[in-house]
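J.: The following file, work-v4.txt, comprises compact mmCIF, C-alpha atoms:
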# COMPACT_ATOMS: atom_id res chain seq x y z
CA MET A 15 -3.88 2.67 -44.56
CA THR A 16 -1.07 0.22 -45.24
CA LYS A 17 0.51 -2.09 -42.70
CA ASP A 18 3.96 -0.72 -43.25
CA ARG A 19 3.11 2.95 -43.16
CA THR A 20 5.57 5.05 -41.27
CA ASP A 21 4.55 5.94 -37.72
CA SER A 22 3.46 9.55 -37.95
CA VAL A 23 5.10 10.50 -34.68
CA SER A 24 8.54 8.91 -34.73
CA GLN A 25 9.39 6.62 -37.56
CA LYS A 26 11.49 9.02 -39.62
CA THR A 27 13.65 9.95 -36.68
CA GLY A 28 16.09 7.76 -34.77
CA LEU A 29 16.12 7.87 -31.01
CA ALA A 30 19.48 9.61 -30.84
CA GLN A 31 18.22 12.32 -33.18
CA THR A 32 14.95 12.92 -31.34
CA LEU A 33 16.63 13.15 -27.96
CA SER A 34 19.18 15.67 -29.32
CA LYS A 35 16.68 17.98 -31.00
CA ARG A 36 15.69 19.80 -27.81
CA ARG A 37 18.97 21.75 -27.47
CA GLY A 38 19.09 22.72 -31.15
CA ARG A 39 15.48 23.87 -31.14
CA ARG A 40 15.98 25.85 -27.91
CA GLU A 41 19.08 27.60 -29.30
CA PHE A 42 17.29 28.36 -32.54
CA LEU A 43 14.34 29.91 -30.71
CA ILE A 44 16.62 31.97 -28.51
CA LYS A 45 18.33 33.40 -31.58
CA THR A 46 15.28 33.88 -33.76
CA GLY A 47 12.31 33.88 -31.42
CA GLY A 48 12.13 37.65 -31.10
CA MET A 49 12.28 38.13 -34.83
CA LEU A 50 9.62 35.49 -35.46
CA ALA A 51 7.31 36.92 -32.82
CA ALA A 52 7.64 40.50 -34.11
CA GLY A 53 7.68 39.68 -37.81
CA ALA A 54 5.12 36.93 -38.06
CA PHE A 55 2.85 37.47 -35.10
CA GLY A 56 3.15 41.12 -34.27
CA ALA A 57 3.10 41.77 -30.52
CA VAL A 58 1.64 38.38 -29.56
CA PRO A 59 4.17 36.27 -27.56
CA LEU A 60 5.31 33.16 -29.40
CA ARG A 61 4.34 30.84 -26.55
CA GLY A 62 0.78 32.07 -26.78
CA TRP A 63 0.45 30.08 -29.99
CA ALA A 64 1.47 26.76 -28.46
CA ALA A 65 -1.06 23.97 -28.84
CA GLU A 66 -2.78 22.80 -25.67
CA PRO A 67 -0.97 19.77 -24.16
CA VAL A 68 -2.60 16.35 -24.35
CA ASN A 69 -2.93 14.64 -20.97
CA ILE A 70 -2.03 10.96 -20.71
CA GLY A 71 -2.75 9.18 -17.43
CA ALA A 72 -0.16 6.82 -15.95
CA LEU A 73 -1.23 4.33 -13.25
CA TYR A 74 1.75 2.56 -11.67
CA PRO A 75 2.71 1.30 -8.20
CA THR A 76 5.74 3.31 -7.16
CA THR A 77 5.36 2.29 -3.52
CA GLY A 78 4.45 -1.03 -1.94
CA SER A 79 5.39 -4.58 -2.90
CA MET A 80 5.42 -3.94 -6.67
CA ALA A 81 7.43 -0.71 -6.54
CA GLN A 82 10.54 -2.22 -8.18
CA ILE A 83 8.63 -2.60 -11.42
CA GLY A 84 6.48 0.52 -11.02
CA VAL A 85 9.42 2.89 -10.58
CA GLY A 86 11.04 1.52 -13.75
CA CYS A 87 7.78 1.94 -15.64
CA VAL A 88 7.51 5.60 -14.63
CA ALA A 89 11.09 6.21 -15.83
CA ALA A 90 10.21 4.58 -19.17
CA ALA A 91 6.97 6.57 -19.42
CA LYS A 92 8.86 9.84 -18.98
CA LEU A 93 11.40 8.81 -21.61
CA ALA A 94 8.68 7.87 -24.09
CA VAL A 95 6.82 11.16 -23.66
CA GLU A 96 10.09 13.06 -24.12
CA MET A 97 10.74 11.13 -27.33
CA VAL A 98 7.30 11.96 -28.75
CA ASN A 99 7.56 15.62 -27.76
CA ASP A 100 11.09 16.03 -29.09
CA ALA A 101 9.96 14.56 -32.41
CA GLY A 102 7.43 17.39 -32.79
CA GLY A 103 4.52 16.26 -30.63
CA ILE A 104 1.15 15.49 -32.19
CA LYS A 105 1.40 17.26 -35.53
CA SER A 106 -2.29 16.97 -36.43
CA LEU A 107 -3.00 18.91 -33.20
CA GLY A 108 -0.60 21.71 -34.03
CA GLY A 109 2.41 20.06 -32.43
CA ALA A 110 0.66 19.48 -29.10
CA LYS A 111 2.93 17.98 -26.47
CA LEU A 112 2.06 14.96 -24.38
CA ASN A 113 1.69 15.70 -20.67
CA LEU A 114 2.13 12.72 -18.37
CA VAL A 115 -0.18 12.68 -15.32
CA ILE A 116 1.24 10.06 -12.93
CA SER A 117 -0.64 8.35 -10.12
CA ASP A 118 0.85 5.95 -7.56
CA VAL A 119 -1.59 3.06 -7.03
CA GLN A 120 0.57 1.82 -4.14
CA SER A 121 0.45 -1.89 -5.12
CA ASP A 122 -3.05 -1.97 -3.63
CA THR A 123 -6.35 -2.90 -5.30
CA THR A 124 -8.47 -0.50 -3.25
CA VAL A 125 -6.11 2.39 -3.90
CA THR A 126 -6.07 1.49 -7.59
CA ARG A 127 -9.84 1.94 -7.80
CA THR A 128 -9.87 5.31 -6.03
CA GLU A 129 -6.77 6.61 -7.85
CA THR A 130 -8.10 5.64 -11.27
CA ASP A 131 -11.36 7.44 -10.53
CA ARG A 132 -9.50 10.48 -9.16
CA LEU A 133 -7.17 10.57 -12.16
CA ILE A 134 -10.07 10.55 -14.62
CA THR A 135 -12.38 12.98 -12.81
CA GLY A 136 -9.60 15.41 -11.88
CA ASN A 137 -7.94 15.65 -15.29
CA LYS A 138 -8.94 15.99 -18.91
CA LEU A 139 -7.41 12.74 -20.15
CA SER A 140 -7.18 11.42 -23.68
CA ALA A 141 -5.97 7.95 -22.65
CA ILE A 142 -4.39 5.99 -19.81
CA HIS A 143 -1.63 3.41 -19.65
CA GLY A 144 -1.16 1.03 -16.70
CA CYS A 145 -0.84 -0.92 -14.48
CA PHE A 146 0.99 -4.16 -15.57
CA ALA A 147 -0.07 -6.22 -12.52
CA SER A 148 -3.22 -8.11 -13.49
CA ALA A 149 -5.01 -7.68 -10.16
CA LEU A 150 -4.54 -3.90 -10.37
CA THR A 151 -5.21 -3.57 -14.09
CA LEU A 152 -8.51 -5.45 -13.94
CA ILE A 153 -9.81 -2.85 -11.48
CA ALA A 154 -8.37 0.14 -13.33
CA SER A 155 -9.90 -1.05 -16.59
CA GLU A 156 -13.35 -1.36 -14.98
CA VAL A 157 -13.21 2.28 -13.90
CA ALA A 158 -11.86 3.42 -17.28
CA GLU A 159 -14.56 1.50 -19.13
CA ARG A 160 -17.32 3.21 -17.16
CA ALA A 161 -15.74 6.60 -17.80
CA LYS A 162 -15.21 5.81 -21.49
CA VAL A 163 -11.48 6.55 -21.40
CA PRO A 164 -9.22 4.17 -23.37
CA LEU A 165 -6.70 2.20 -21.32
CA ILE A 166 -3.76 0.39 -22.90
CA THR A 167 -1.84 -2.08 -20.78
CA GLY A 168 0.98 -4.60 -20.61
CA SER A 169 -1.05 -6.82 -18.27
CA SER A 170 -1.36 -10.39 -19.55
CA SER A 171 -4.68 -11.42 -17.95
CA ASP A 172 -7.03 -12.91 -20.55
CA GLN A 173 -9.97 -11.50 -18.56
CA LEU A 174 -9.12 -8.03 -19.84
CA ASN A 175 -10.32 -9.00 -23.31
CA LYS A 176 -13.79 -10.04 -22.17
CA GLY A 177 -16.68 -7.58 -22.23
CA ARG A 178 -14.57 -4.44 -22.62
CA THR A 179 -14.45 -1.91 -25.45
CA TYR A 180 -12.04 0.71 -24.07
CA THR A 181 -9.25 -1.68 -23.00
CA PHE A 182 -6.37 -2.55 -25.35
CA THR A 183 -3.74 -5.26 -24.83
CA PRO A 184 -0.96 -5.08 -27.44
CA PHE A 185 1.13 -7.95 -26.07
CA ALA A 186 0.85 -11.66 -25.34
CA ARG A 187 -1.92 -13.04 -23.13
CA ALA A 188 -1.45 -15.34 -20.13
CA SER A 189 -2.62 -18.37 -22.10
CA GLN A 190 0.04 -17.65 -24.75
CA PHE A 191 2.73 -17.40 -22.07
CA ALA A 192 1.70 -20.84 -20.87
CA GLN A 193 1.98 -22.36 -24.32
CA ALA A 194 5.43 -20.83 -24.87
CA GLN A 195 6.68 -22.20 -21.55
CA LEU A 196 5.46 -25.67 -22.41
CA GLN A 197 7.14 -25.53 -25.81
CA MET A 198 10.37 -24.26 -24.25
CA SER A 199 10.45 -27.23 -21.86
CA LYS A 200 11.25 -29.39 -24.87
CA LEU A 201 14.45 -27.42 -25.40
CA VAL A 202 15.96 -29.17 -22.38
CA GLY A 203 14.43 -32.64 -22.71
CA ASP A 204 12.39 -34.84 -25.06
CA LYS A 205 9.96 -35.95 -22.35
CA PRO A 206 9.38 -33.03 -20.02
CA LYS A 207 7.89 -33.74 -16.60
CA VAL A 208 6.92 -30.41 -15.18
CA ALA A 209 6.17 -29.21 -11.65
CA VAL A 210 4.01 -26.07 -11.67
CA ILE A 211 4.00 -23.85 -8.59
CA PHE A 212 2.05 -20.60 -8.64
CA GLU A 213 1.00 -17.72 -6.45
CA ASN A 214 -2.73 -17.62 -5.68
CA THR A 215 -3.42 -14.30 -7.43
CA ALA A 216 -5.08 -13.36 -10.74
CA PHE A 217 -1.68 -13.48 -12.42
CA GLY A 218 -0.71 -16.83 -10.90
CA THR A 219 -3.98 -18.65 -11.36
CA SER A 220 -4.68 -17.50 -14.93
CA THR A 221 -1.19 -18.43 -16.14
CA SER A 222 -1.04 -21.77 -14.31
CA ASN A 223 -4.50 -22.79 -15.49
CA GLY A 224 -3.33 -22.12 -19.03
CA LEU A 225 -0.36 -24.43 -18.42
CA LYS A 226 -2.62 -27.18 -17.14
CA GLU A 227 -5.08 -26.93 -20.01
CA LEU A 228 -2.49 -26.80 -22.78
CA ALA A 229 0.01 -29.36 -21.50
CA PRO A 230 -1.59 -32.52 -23.03
CA ALA A 231 -1.67 -31.05 -26.54
CA GLU A 232 1.99 -30.01 -26.21
CA GLY A 233 3.05 -33.48 -25.06
CA VAL A 234 4.12 -32.25 -21.62
CA GLU A 235 3.31 -34.16 -18.43
CA ILE A 236 2.48 -32.05 -15.39
CA VAL A 237 3.45 -34.12 -12.34
CA MET A 238 2.77 -31.42 -9.75
CA PHE A 239 0.33 -28.48 -9.71
CA GLU A 240 0.60 -26.52 -6.47
CA PRO A 241 -0.61 -23.05 -5.43
CA TYR A 242 1.01 -21.10 -2.62
CA SER A 243 0.28 -17.89 -0.73
CA ALA A 244 2.04 -14.95 -2.34
CA GLY A 245 4.61 -13.35 -0.07
CA PHE A 246 5.58 -16.51 1.80
CA THR A 247 8.81 -16.61 3.82
CA ASP A 248 9.80 -20.31 3.63
CA ALA A 249 9.87 -22.14 0.30
CA SER A 250 11.39 -25.36 1.66
CA PRO A 251 8.13 -27.38 2.03
CA LEU A 252 7.11 -26.42 -1.51
CA ILE A 253 10.49 -27.24 -3.07
CA ASN A 254 10.70 -30.55 -1.19
CA LYS A 255 7.39 -31.49 -2.85
CA VAL A 256 8.90 -30.58 -6.21
CA LYS A 257 11.89 -32.79 -5.44
CA ALA A 258 9.65 -35.72 -4.54
CA SER A 259 7.50 -35.31 -7.67
CA GLY A 260 10.18 -36.57 -10.06
CA ALA A 261 9.90 -33.44 -12.21
CA ASN A 262 12.77 -32.53 -14.53
CA ALA A 263 11.50 -28.99 -15.08
CA LEU A 264 10.02 -26.38 -12.75
CA PHE A 265 7.63 -23.62 -13.77
CA SER A 266 7.26 -20.96 -11.10
CA VAL A 267 4.52 -18.40 -11.71
CA SER A 268 5.63 -15.74 -9.25
CA TYR A 269 6.53 -12.11 -8.77
CA LEU A 270 9.99 -10.98 -7.75
CA ASN A 271 10.39 -11.66 -4.03
CA ASP A 272 8.77 -15.10 -4.13
CA LEU A 273 10.80 -16.13 -7.15
CA ILE A 274 14.07 -15.08 -5.51
CA LEU A 275 13.25 -17.25 -2.49
CA ILE A 276 12.25 -20.20 -4.68
CA VAL A 277 15.44 -20.13 -6.78
CA ARG A 278 17.65 -19.85 -3.72
CA THR A 279 15.84 -22.73 -2.04
CA VAL A 280 16.17 -24.95 -5.13
CA LYS A 281 19.94 -24.48 -4.97
CA GLN A 282 20.08 -24.91 -1.20
CA VAL A 283 18.37 -28.31 -1.27
CA GLY A 284 20.58 -29.44 -4.15
CA LEU A 285 17.76 -29.92 -6.62
CA ASN A 286 19.12 -30.16 -10.17
CA ILE A 287 16.20 -29.05 -12.29
CA ALA A 288 15.60 -26.82 -15.29
CA ILE A 289 13.71 -23.68 -14.27
CA ASN A 290 11.43 -21.53 -16.38
CA GLY A 291 10.51 -18.50 -14.30
CA GLY A 292 7.78 -17.33 -16.64
CA SER A 293 7.24 -13.59 -16.61
CA GLY A 294 6.57 -11.34 -13.61
CA GLY A 295 9.59 -10.88 -11.37
CA PHE A 296 11.84 -13.15 -13.41
CA VAL A 297 12.45 -10.71 -16.25
CA ILE A 298 13.51 -7.60 -14.35
CA PRO A 299 17.06 -6.53 -13.42
CA ASP A 300 16.39 -6.84 -9.67
CA PHE A 301 16.06 -10.61 -10.06
CA TYR A 302 19.66 -10.96 -11.20
CA LYS A 303 20.83 -8.44 -8.61
CA ASN A 304 19.41 -10.67 -5.88
CA VAL A 305 20.39 -14.16 -7.08
CA GLY A 306 23.49 -13.35 -9.15
CA LYS A 307 25.02 -16.28 -11.00
CA LEU A 308 22.21 -18.57 -9.81
CA ALA A 309 20.20 -16.93 -12.59
CA GLU A 310 22.58 -17.94 -15.39
CA GLY A 311 20.87 -20.25 -17.86
CA LEU A 312 17.41 -19.90 -16.33
CA GLN A 313 14.64 -19.45 -18.87
CA GLY A 314 11.49 -17.37 -18.94
CA VAL A 315 8.92 -15.74 -21.17
CA ALA A 316 8.19 -12.07 -21.79
CA HIS A 317 5.92 -9.93 -23.90
CA TRP A 318 8.82 -7.61 -24.74
CA ASN A 319 12.61 -7.78 -24.70
CA HIS A 320 15.22 -5.12 -25.38
CA ASP A 321 17.09 -7.06 -28.09
CA MET A 322 14.09 -7.74 -30.37
CA ASN A 323 14.96 -5.18 -33.06
CA PRO A 324 17.08 -2.03 -33.62
CA ASP A 325 14.36 0.29 -32.28
CA CYS A 326 14.23 -1.69 -29.03
CA GLU A 327 18.01 -1.54 -28.79
CA LYS A 328 18.04 2.24 -29.29
CA VAL A 329 15.46 2.83 -26.57
CA ASN A 330 17.25 0.38 -24.30
CA ALA A 331 20.55 2.22 -24.73
CA GLU A 332 19.00 5.54 -23.69
CA TYR A 333 17.11 4.00 -20.75
CA LYS A 334 20.26 2.26 -19.56
CA LYS A 335 22.18 5.52 -19.79
CA ARG A 336 19.61 7.16 -17.52
CA THR A 337 18.96 4.38 -15.03
CA GLY A 338 21.99 2.09 -15.21
CA GLU A 339 19.77 -0.92 -15.99
CA PHE A 340 18.44 -2.57 -19.13
CA LEU A 341 14.91 -1.77 -20.27
CA PHE A 342 12.85 -4.66 -18.92
CA GLU A 343 9.62 -6.18 -20.22
CA TYR A 344 6.94 -3.94 -18.69
CA ALA A 345 8.92 -0.70 -19.08
CA GLY A 346 9.89 -1.42 -22.69
CA GLY A 347 6.34 -2.38 -23.58
CA LEU A 348 5.22 0.89 -22.04
CA VAL A 349 7.39 2.88 -24.44
CA ALA A 350 5.69 1.10 -27.32
CA GLN A 351 2.26 1.77 -25.76
CA THR A 352 3.02 5.49 -25.55
CA PHE A 353 3.76 5.56 -29.27
CA MET A 354 0.56 3.62 -29.97
CA ILE A 355 -1.37 6.33 -28.13
CA ALA A 356 0.54 9.02 -30.03
CA ASP A 357 -0.29 7.28 -33.33
CA ALA A 358 -3.98 7.22 -32.38
CA LEU A 359 -3.94 10.91 -31.41
CA GLU A 360 -2.27 11.77 -34.70
CA ARG A 361 -4.87 9.94 -36.76
CA ALA A 362 -7.81 11.10 -34.64
CA ALA A 363 -6.61 14.74 -34.84
CA SER A 364 -8.42 15.09 -31.55
CA ALA A 365 -7.72 14.74 -27.83
CA ASP A 366 -11.26 13.50 -27.17
CA PRO A 367 -10.96 10.09 -25.44
CA GLN A 368 -13.74 8.48 -27.44
CA LYS A 369 -12.16 9.55 -30.73
CA VAL A 370 -8.80 8.30 -29.46
CA ARG A 371 -10.47 5.00 -28.60
CA GLU A 372 -11.80 4.73 -32.16
CA ALA A 373 -8.35 5.45 -33.56
CA LEU A 374 -6.74 2.84 -31.29
CA SER A 375 -9.26 0.27 -32.47
CA THR A 376 -7.97 0.71 -36.04
CA LEU A 377 -4.27 0.80 -35.14
CA ASP A 378 -2.23 -1.19 -37.66
CA VAL A 379 1.55 -0.74 -37.47
CA SER A 380 4.49 -2.84 -38.57
CA SER A 381 7.42 -0.45 -38.18
CA GLY A 382 8.76 2.08 -35.71
CA TYR A 383 8.45 2.39 -31.95
CA ALA A 384 4.70 1.65 -31.88
CA ALA A 385 5.41 -1.73 -33.48
CA MET A 386 7.94 -2.80 -30.82
CA ALA A 387 6.38 -6.18 -30.05
CA PRO A 388 7.44 -9.77 -30.75
CA GLY A 389 6.93 -10.24 -34.48
CA GLY A 390 6.96 -6.46 -35.07
CA LYS A 391 3.24 -6.00 -35.74
CA VAL A 392 0.35 -4.53 -33.75
CA LYS A 393 -3.25 -4.56 -34.90
CA PHE A 394 -6.18 -4.71 -32.50
CA GLY A 395 -9.09 -7.06 -33.01
CA PRO A 396 -12.68 -6.34 -31.88
CA ASP A 397 -11.80 -7.49 -28.35
CA GLY A 398 -8.91 -5.02 -28.03
CA LYS A 399 -6.30 -7.77 -28.31
CA ASN A 400 -3.36 -7.56 -30.71
CA ILE A 401 -4.11 -10.21 -33.33
CA TYR A 402 -0.36 -10.70 -33.83
CA GLY A 403 0.48 -10.80 -30.13
CA ARG A 404 2.85 -13.51 -28.96
CA PRO A 405 5.48 -13.91 -26.24
CA VAL A 406 9.22 -14.24 -26.65
CA GLY A 407 11.26 -16.85 -24.79
CA VAL A 408 14.22 -15.42 -22.90
CA GLN A 409 17.24 -16.73 -20.99
CA TRP A 410 19.63 -15.15 -18.51
CA GLN A 411 23.04 -15.01 -20.18
CA ASN A 412 25.98 -13.12 -18.67
CA GLY A 413 23.75 -10.94 -16.51
CA ASP A 414 21.45 -9.95 -19.36
CA LEU A 415 18.22 -11.28 -20.87
CA ALA A 416 18.62 -12.73 -24.36
CA SER A 417 15.77 -13.66 -26.69
CA VAL A 418 16.15 -17.38 -27.50
CA PHE A 419 12.68 -18.62 -28.56
CA PRO A 420 10.96 -19.14 -30.97
CA LYS A 421 13.51 -19.50 -33.74
CA GLU A 422 12.27 -16.49 -35.70
CA ASP A 423 12.59 -14.24 -32.64
CA ALA A 424 15.85 -15.66 -31.29
CA ARG A 425 18.72 -13.17 -31.03
CA ALA A 426 21.12 -15.53 -29.24
CA PRO A 427 21.60 -19.32 -29.15
CA LEU A 428 20.18 -21.19 -26.18
CA MET A 429 22.78 -21.68 -23.47
CA LYS A 430 22.77 -25.31 -22.33
CA THR A 431 22.79 -25.86 -18.57
Once you've parsed the file, please lay out its structure as structure tokens.

T.:
Amino acid sequence: MTKDRTDSVSQKTGLAQTLSKRRGRREFLIKTGGMLAAGAFGAVPLRGWAAEPVNIGALYPTTGSMAQIGVGCVAAAKLAVEMVNDAGGIKSLGGAKLNLVISDVQSDTTVTRTETDRLITGNKLSAIHGCFASALTLIASEVAERAKVPLITGSSSDQLNKGRTYTFTPFARASQFAQAQLQMSKLVGDKPKVAVIFENTAFGTSTSNGLKELAPAEGVEIVMFEPYSAGFTDASPLINKVKASGANALFSVSYLNDLILIVRTVKQVGLNIAINGGSGGFVIPDFYKNVGKLAEGLQGVAHWNHDMNPDCEKVNAEYKKRTGEFLFEYAGGLVAQTFMIADALERAASADPQKVREALSTLDVSSGYAAMAPGGKVKFGPDGKNIYGRPVGVQWQNGDLASVFPKEDARAPLMKT
């Protein structure tokens, strides 16, 4: 297998072509279906020869505190499955279509455990994708591991790559996000003095600890390192501490609602400081909707962005047409994950989850929708981590997220603020 082999599911077909095939195929079958059924298959109905669908589990919070992201992920998951199916399905399985089995984990860890178990025991699944939030994904992956069903996720927690054999993480890890943020701080000053504030969750603590550990080697001084309770209602005490610290850059490791409050409070107290919002809530359209022009020039990091390459731009255009918003980090990464699963099914020529797991472990793509990752390559190591995985630095510019870092991934110049 070569690194640049064409993705067997989608590479030879552009997004516009795959999404337009359905009508032409339907019209063709209407006109010729009777003739084909009578001439080639005798009295047997044509649909009786359809390959059995392949079930893919989807674990996302579409209610609760994380619903803004979860709803977008489900929309992306449906789009991705439609793309695979319109391109001919899994050809090695007789053109079998993907069937998405969605479960709402309700932004709750307890519900995530029960729903993952219910999803696996109640359905014949070949693979699962989900959940994006580290606290939820860690639990879902435990259940999937015990059931021997492969799970592929956009979660960034480094813990997911420890002691697991059925969990695959094709994008950057939390520690890599931290390093990228530290390096980006030098874009706005030669001697960065950084205040780090972070929510006390798996996502917040893992990312912030990475910042603390890597800062000395990157020549960055951390002058404040402060946790806070996720979901707080008053950011003033925290931001006043930042102001008193003498920091010239602020790293906030937060999900959407907390980050909105933090940015607004920074402006309210008149603190002139460069902000890198990391990942999480910073890189989704709802952030800009809530803070408007306060977002302009703010930086962050992501494991996926919609301007990375032409394939990303094509998928983004279709998603935007359907939802009215750009394809954000977790949703865009999910489209790529769906094509990674489809690639594994194609090569395994089987819907058996253990055979799909083996095929995922040898995934090696450098073109097409399955390779939509920073750097354009995905290959899993023994720990299920993409050996080429790295984040991309982004910046809010004119209401959109532009890739600005590192140089080889930049699609727009850094906007000075």

J.: Give me the residues within 7 Å of Ala387 (chain A) as a short mmCIF file (atom, residue, chain, number, x, y, z; two decimals) with C-alpha atoms, in the coordinates of the input, counting all atoms listed in the file and dropping any in the same chain fewer than 4 places off.

T.:
data_model
loop_
_atom_site.label_atom_id
_atom_site.label_comp_id
_atom_site.auth_asym_id
_atom_site.auth_seq_id
_atom_site.Cartn_x
_atom_site.Cartn_y
_atom_site.Cartn_z
CA PHE A 185 1.13 -7.95 -26.07
CA TRP A 318 8.82 -7.61 -24.74
CA LYS A 391 3.24 -6.00 -35.74
#

J.: Which residues of region 276-296 of chain A sit at most 12 Å from region 81-103 of chain A, using only C-alpha atoms? Give each one's shortest atom pair and distance in Å (one decimal place), in chain and ascending residue order, as CSV.

T.:
residue,atom,partner,partner_atom,distance
A:Gly294,CA,A:Ile83,CA,9.2
A:Gly295,CA,A:Ile83,CA,8.3
A:Phe296,CA,A:Ile83,CA,11.2

J.: What separation in Å, quoted to one decimal, exists between CA of Asp172 (chain A) and CA of Gln409 (chain A)?

T.: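 Between CA of Asp172 (chain A) and CA of Gln409 (chain A) the gap is 24.6 Å.
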
J.: Please write as a count of residues only the list of polymer residues whose atoms come within 10 Å of (-2.8, -25.7, -19.8), counting all atoms listed in the file and keeping to the coordinates of the file.

T.: 20

J.: Counting all atoms listed in the file, what is within 6 Å of Val115 (chain A), bar same-chain residues fewer than 6 positions away, as a VMD selection string?

T.: chain A and resid 70 to 72

J.: Would you mind exporting the chosen residues as a compact mmCIF listing (two decimals), in the frame of the given file, restricted to C-alpha atoms?

T.:
# COMPACT_ATOMS: atom_id res chain seq x y z
CA ILE A 70 -2.03 10.96 -20.71
CA GLY A 71 -2.75 9.18 -17.43
CA ALA A 72 -0.16 6.82 -15.95

J.: What's the separation between CA of Asn262 (chain A) and CA of Asp300 (chain A), in Å to one decimal place?

T.: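 Rounded to one decimal, the two atoms are 26.4 Å apart.
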
J.: Show me, as a PyMOL selection string, the residues that have an atom within 10 Å of Ala149 (chain A) when counting all atoms listed in the file, minus same-chain residues fewer than 2 positions from it.

T.: chain A and resi 121-123+126+145-147+151-154+169+171+215-217
